[in-house]
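Participant: Before anything else, here's the structure in question.
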Amino acid sequence: MTPSSELSAGNTNLTCPQCDDRIDTLHLQPSGENINPDAYLVCPYCGTWFFPENGLLYTLHNLDGDAYFGFPFALAGSKMRNLTTVTVGETHSHIVNDLFSGDEFETVQLLGAERKDASGDNRLPIERLDDSYTRASLGESVLVALHPIGPQEIVVTANLQEKADSVVETGDELEVVYDAKLSRANATNPAWVDLLREAEQAILRGNLISAVPLLTSAVDGGLFRLISLYYVLNGYDRDEAGDRIRDKFGDKYDNVYSTDLAKDALNEITGSSLTDAHGPYGELWHEFHGEHGNRGFRNAVIHPGDESLEEIDRETVIEWFNISVSLIIGGFELLWEVESDN
């Protein structure tokens, strides 16, 4: 029999900062235990205690910078690829695999569909409809769609197009491949994580303008949390950490802004900042916070003037999404280097 420590159902998005191992879904912890961003997790492999937020950031630190959009950000979340079938003219309900007990569907993305047993020249091309991630046409014959309808259930539909050719007929069976992001039902996320998730959902739905202020707030909240966690790891309780940030870096009304954190707070703690034009993150910072970047567009959204908002495309907002995550990771990298040296 295979030892349980060698079994695998796929990696979560958490990496142990000590042993550098991605934690597998099966090894995370009993499904009945809650995952709280303010409580420690224990690495099942080396026994190190760490904040789950730092485990997420350590995983992101190891990824390519273009891979953030589509990443499962919910604490202890994961991704899976699955195959299901649907009969043309019918709707099929599909339940998440029992191996992922305690996980819930967050988003799904249709990757492909084909007639069962089709091969070679008999394969039909599949084309995404209207930039949708969940609807596609199979040749000139079938419209295929899939959507989550509950925490652990999706539905798949396949209908003949109005002017369908005779290649596919009602009653034919199709194989449908999809990717799904899964989140843990028992996990609570810090606000900046949920802001990124909401921004991604807005982009996927085509609500591009609404994603922009969410990204700005995610960077603000992410930097505040990073610095707060640093102080907690160095002997402060949560309230003391927040008070210290506001007292040292806030204005007379205790308001703390992203530049105060990215420049002054990080510089005091680490000797470096995200805003230094000659530093490793300066170009990203100015691209994100410049007049023609996310921050500039966000100001136009929430402080409208006489002129209409400029058009914005999906590729630009996805680029801003990736930059916003890169800046949060940049703050993490600066703080983690200092913490590792202590």
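Just so we're on the same page: first chain in the structure tokens is A, next is B, and so on; residues restart at 1 for each chain, and ligands are numbered from 1 in the order they show up.
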Contacts of Arg135 in chain A at 10 Å or less, counting only C-alpha atoms, minus same-chain residues fewer than 2 places along, as a list in words?

Facilitator: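 With the cut-off at 10 Å, the set is Gln109, Leu110, Leu111, Glu127, Arg128, Leu129, Asp130, Asp131, Ser132, Tyr133, Ser137, Leu143, Val144, Ala145, Leu146, His147, Val156, Thr157 and Ala158 of chain A.
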
Participant: Leu83 in chain A: which residues within 9 Å, counting only C-alpha atoms, same-chain residues fewer than 6 positions away excluded, as JSON, numbers by chain?

Facilitator: {"A": [175, 176, 177, 178]}

Participant: Pick out the residues sitting within 8 Å of Asp260 in chain A, and hand them over as an NGL selection string; count only C-alpha atoms, and ignore anything fewer than 5 positions along from it in its own chain.

Facilitator: :A and (249-250 or 265)

Participant: With a distance cut-off of 9 Å and only C-alpha atoms, select the neighbouring residues of range 38-53 of chain A, excluding the residue or stretch itself and same-chain residues fewer than 3 positions from it, and output the selection as an MDAnalysis selection string.

Facilitator: chainID A and resid 5 14:19 21 23 27:29 35 56:58 75:76 189:190 226 229 238

Participant: Report the closest atom pair, with its distance in Å rounded to one decimal, for each residue of range 203-246 of chain A that has an atom no farther than 12 Å from range 334-341 of chain A; count only C-alpha atoms, sort by chain and then rising residue number, and write it as CSV.

Facilitator:
residue,atom,partner,partner_atom,distance
A:Leu223,CA,A:Leu335,CA,10.5
A:Arg225,CA,A:Leu335,CA,11.6
A:Leu226,CA,A:Leu335,CA,7.9
A:Ile227,CA,A:Leu335,CA,7.7
A:Ser228,CA,A:Leu335,CA,10.8
A:Leu229,CA,A:Leu335,CA,9.7
A:Tyr230,CA,A:Leu335,CA,7.1
A:Tyr231,CA,A:Glu339,CA,10.2
A:Val232,CA,A:Glu339,CA,11.6
A:Leu233,CA,A:Glu339,CA,8.6
A:Asn234,CA,A:Glu339,CA,8.8

Participant: Pick out each residue of range 7-254 of chain A that DSSP on the backbone tags as strand (DSSP E); I need them as a count of residues only.

Facilitator: 76

Participant: What are the DSSP alpha helix (DSSP H) residues of range 85-200 of chain A, as a PyMOL selection string?

Facilitator: chain A and resi 191-200

Participant: Figure out the distance between CA of Arg298 in chain A and CA of Phe332 in chain A, please, to one decimal in Å.

Facilitator: 24.1 Å

Participant: Can you work out the spacing between CA of Asn186 in chain A and CA of Pro151 in chain A in Å, to one decimal?

Facilitator: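 CA of Asn186 in chain A sits 12.2 Å away from CA of Pro151 in chain A.
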